[in-house]
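Peer 1: Have a look at the structure that comes next, please.
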Amino acid sequence: GAVVSQHPSWVICKSGTSVKIECRSLDFQATTMFWYRQFPKQSLMLMATSNEGSKATYEQGVEKDKFLINHASLTLSTLTVTSAHPEDSSFYICSAPGSSSSYEQYFGPGTRLTVT
Amino acid sequence: QKEVEQNSGPLSVPEGAIASLNCTYSDRVSQSFFWYRQYSGKSPELIMSIYSNGDKEDGRFTAQLNKASQYVSLLIRDSQPSDSATYLCAVTYNNNDMRFGAGTRLTVKP
């Protein structure tokens with residue numbers, strides 16, 4: 001149980017275009033999901049917390065107008081990178097929390113974004 | 001400021017040895033503590049979770065937590081080449097806010 005999927009697993013796009021990444025909880029409902037970004041040889045950095053039915057909460061320094069998050073249902077959150085630039089190339093990973101008593105996070109497999 | 005710090009490594013141990021990974025955290029209201037393993041190009045996978053002071057053992061892995069010292073460690077016994085990966089220490093604060101350390105790269109040499 002507790003499987004999180006992401007789509008696509010990798011994407012290459014041209015500078016200036018937008019890319020949407022989907023994160024789904026396959027066998028459980030997630031009112032909250034988290035989006036992380038990881039640059040090579042660096043740790044995961046929390047970008048934003050996605051909340052079902054309400055606005056996402058962004059971490060300091062993350063542009064909310066550039067990284068659009070929509071959590072339209074209890075099993076789906078999407079991250080859209082708008083007007084992508086080469087510096088946005090990174091590994092994007094989503095996660096969803098387990099039970100409220102464990103605080104464990106279940107991670108998706110990640111999406112490798114390359115902006116040319 | 002909430003911070004999770006790990007020894008940067010890289011850490012290299014021979015096959016069969018014990019690998020010791022350390023982590024400190026800066027906020028006393030931390031609730032849960034996790035060790036994740038991450039292979040290159042993959043997302044993290046949970047190795048151990050620990051919530052109370054003391055030791056927790058699972059197979060070859062032992063997590064140790066000392067809340068007074070704000071310290072959590074992971075011991076890997078009988079290290080195998082397949083254990084070679086980056087190990088991330090994670091601390092959860094209120095409302096599932098999980099923060100990661102920079103990770104320690106472990107290499108187990110045959």
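Letters A, B, ... go to the chains of the structure tokens in the order shown; residues in each chain start at 1; ligands are counted from 1 in the same order.
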Can you pull out the residues contacting Pro109 in chain A? Cut-off 12 Å, using only C-alpha atoms, and skip same-chain residues under 4 positions away; I want them as a list in words.

Peer 2: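 Contacts, in chain order: Val3, Val4, Ser5, Gln6, His7, Pro8, Ser9, Trp10, Ile21, Glu22, Cys23, Arg24, Ser25, Tyr36, Phe91, Tyr92, Ile93, Cys94 and Ser95 of chain A; Gln38, Tyr39, Ser40, Gly41, Lys42, Ser43, Pro44 and Glu45 of chain B.
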
Peer 1: Find the residues of chain B that sit at most 9 Å from chain A; for each, write down the nearest two atoms and how far apart they are in Å, to one decimal. Count only C-alpha atoms. Sort by chain, then by number going up, and give it as JSON lines.

Peer 2:
```
{"residue": "B:Gln31", "atom": "CA", "partner": "A:Tyr103", "partner_atom": "CA", "distance": 8.4}
{"residue": "B:Ser32", "atom": "CA", "partner": "A:Tyr103", "partner_atom": "CA", "distance": 6.7}
{"residue": "B:Phe33", "atom": "CA", "partner": "A:Glu104", "partner_atom": "CA", "distance": 8.9}
{"residue": "B:Phe34", "atom": "CA", "partner": "A:Glu104", "partner_atom": "CA", "distance": 7.9}
{"residue": "B:Ser40", "atom": "CA", "partner": "A:Lys41", "partner_atom": "CA", "distance": 9.0}
{"residue": "B:Gly41", "atom": "CA", "partner": "A:Phe91", "partner_atom": "CA", "distance": 8.2}
{"residue": "B:Lys42", "atom": "CA", "partner": "A:Pro109", "partner_atom": "CA", "distance": 6.4}
{"residue": "B:Ser43", "atom": "CA", "partner": "A:Pro109", "partner_atom": "CA", "distance": 5.2}
{"residue": "B:Pro44", "atom": "CA", "partner": "A:Phe107", "partner_atom": "CA", "distance": 6.8}
{"residue": "B:Glu45", "atom": "CA", "partner": "A:Phe107", "partner_atom": "CA", "distance": 7.4}
{"residue": "B:Leu46", "atom": "CA", "partner": "A:Tyr106", "partner_atom": "CA", "distance": 8.3}
{"residue": "B:Ser49", "atom": "CA", "partner": "A:Glu104", "partner_atom": "CA", "distance": 7.8}
{"residue": "B:Tyr51", "atom": "CA", "partner": "A:Ser102", "partner_atom": "CA", "distance": 8.5}
{"residue": "B:Leu88", "atom": "CA", "partner": "A:Ser43", "partner_atom": "CA", "distance": 7.8}
{"residue": "B:Thr92", "atom": "CA", "partner": "A:Tyr103", "partner_atom": "CA", "distance": 6.9}
{"residue": "B:Tyr93", "atom": "CA", "partner": "A:Tyr103", "partner_atom": "CA", "distance": 9.0}
{"residue": "B:Asn95", "atom": "CA", "partner": "A:Tyr103", "partner_atom": "CA", "distance": 8.5}
{"residue": "B:Asn96", "atom": "CA", "partner": "A:Tyr103", "partner_atom": "CA", "distance": 5.8}
{"residue": "B:Asp97", "atom": "CA", "partner": "A:Thr49", "partner_atom": "CA", "distance": 8.7}
{"residue": "B:Met98", "atom": "CA", "partner": "A:Gln105", "partner_atom": "CA", "distance": 8.1}
{"residue": "B:Arg99", "atom": "CA", "partner": "A:Leu46", "partner_atom": "CA", "distance": 7.4}
{"residue": "B:Phe100", "atom": "CA", "partner": "A:Leu44", "partner_atom": "CA", "distance": 6.4}
{"residue": "B:Gly101", "atom": "CA", "partner": "A:Ser43", "partner_atom": "CA", "distance": 6.6}
{"residue": "B:Ala102", "atom": "CA", "partner": "A:Ser43", "partner_atom": "CA", "distance": 4.6}
{"residue": "B:Gly103", "atom": "CA", "partner": "A:Ser43", "partner_atom": "CA", "distance": 6.2}
```

Peer 1: Can you work out the spacing between CA of Arg77 in chain B and CA of Ala2 in chain A in Å, to one decimal?

Peer 2: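 Computing the Euclidean distance for CA of Arg77 in chain B and CA of Ala2 in chain A yields 28.3 Å.
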
Peer 1: Between B:Ser84, B:Asn7, B:Thr62, B:Ser30, which residue has the minimum interatomic distance to Thr104 in chain B, considering only C-alpha atoms?

Peer 2: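 Residue with the minimum atom-to-atom distance to Thr104 in chain B: B:Asn7.
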
Peer 1: Taking 4 positions as the minimum chain separation for residues in the same chain, which residues sit within 7 Å of range 60-67 of chain A when counting only C-alpha atoms? Answer as a list in words.

Peer 2: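 Using only C-alpha atoms, the neighbours found are Met47, Leu79, Thr80, Val81 and Thr82 of chain A.
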
Peer 1: I need the chosen residues saved as a tab-separated table (two decimals), in the first residue's frame, with all heavy atoms.

Peer 2:
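Printed below is selection.tsv as written:
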```tsv
chain	number	residue	atom	x	y	z
A	47	MET	N	9.75	22.64	-1.83
A	47	MET	CA	9.31	23.80	-2.59
A	47	MET	C	7.98	24.34	-2.06
A	47	MET	O	7.81	25.54	-1.88
A	47	MET	CB	9.12	23.43	-4.06
A	47	MET	CG	10.37	22.98	-4.77
A	47	MET	SD	10.00	22.48	-6.45
A	47	MET	CE	9.48	24.04	-7.16
A	79	LEU	N	2.09	19.99	-10.54
A	79	LEU	CA	3.05	21.09	-10.49
A	79	LEU	C	3.32	21.51	-11.92
A	79	LEU	O	3.73	20.69	-12.74
A	79	LEU	CB	4.35	20.64	-9.82
A	79	LEU	CG	5.55	21.58	-9.93
A	79	LEU	CD1	5.30	22.85	-9.15
A	79	LEU	CD2	6.83	20.90	-9.43
A	80	THR	N	3.06	22.76	-12.23
A	80	THR	CA	3.33	23.29	-13.56
A	80	THR	C	4.48	24.29	-13.47
A	80	THR	O	4.37	25.27	-12.73
A	80	THR	CB	2.09	23.97	-14.16
A	80	THR	OG1	1.02	23.01	-14.24
A	80	THR	CG2	2.40	24.50	-15.55
A	81	VAL	N	5.52	23.98	-14.19
A	81	VAL	CA	6.66	24.90	-14.27
A	81	VAL	C	6.40	25.80	-15.48
A	81	VAL	O	6.41	25.33	-16.63
A	81	VAL	CB	7.99	24.14	-14.44
A	81	VAL	CG1	9.15	25.13	-14.46
A	81	VAL	CG2	8.16	23.12	-13.32
A	82	THR	N	6.12	27.06	-15.23
A	82	THR	CA	5.77	27.97	-16.31
A	82	THR	C	7.01	28.70	-16.81
A	82	THR	O	7.95	28.98	-16.05
A	82	THR	CB	4.74	29.00	-15.85
A	82	THR	OG1	5.31	29.79	-14.79
A	82	THR	CG2	3.48	28.31	-15.34
```

Peer 1: So how many Å separate CA of Ser18 in chain A and CA of Glu87 in chain A, to one decimal?

Peer 2: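 That distance, rounded to one decimal, is 13.7 Å.
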
Peer 1: Quick check, in Å to one decimal: how far apart do CA of Ala90 in chain B and CA of Val72 in chain B lie?

Peer 2: 9.8 Å
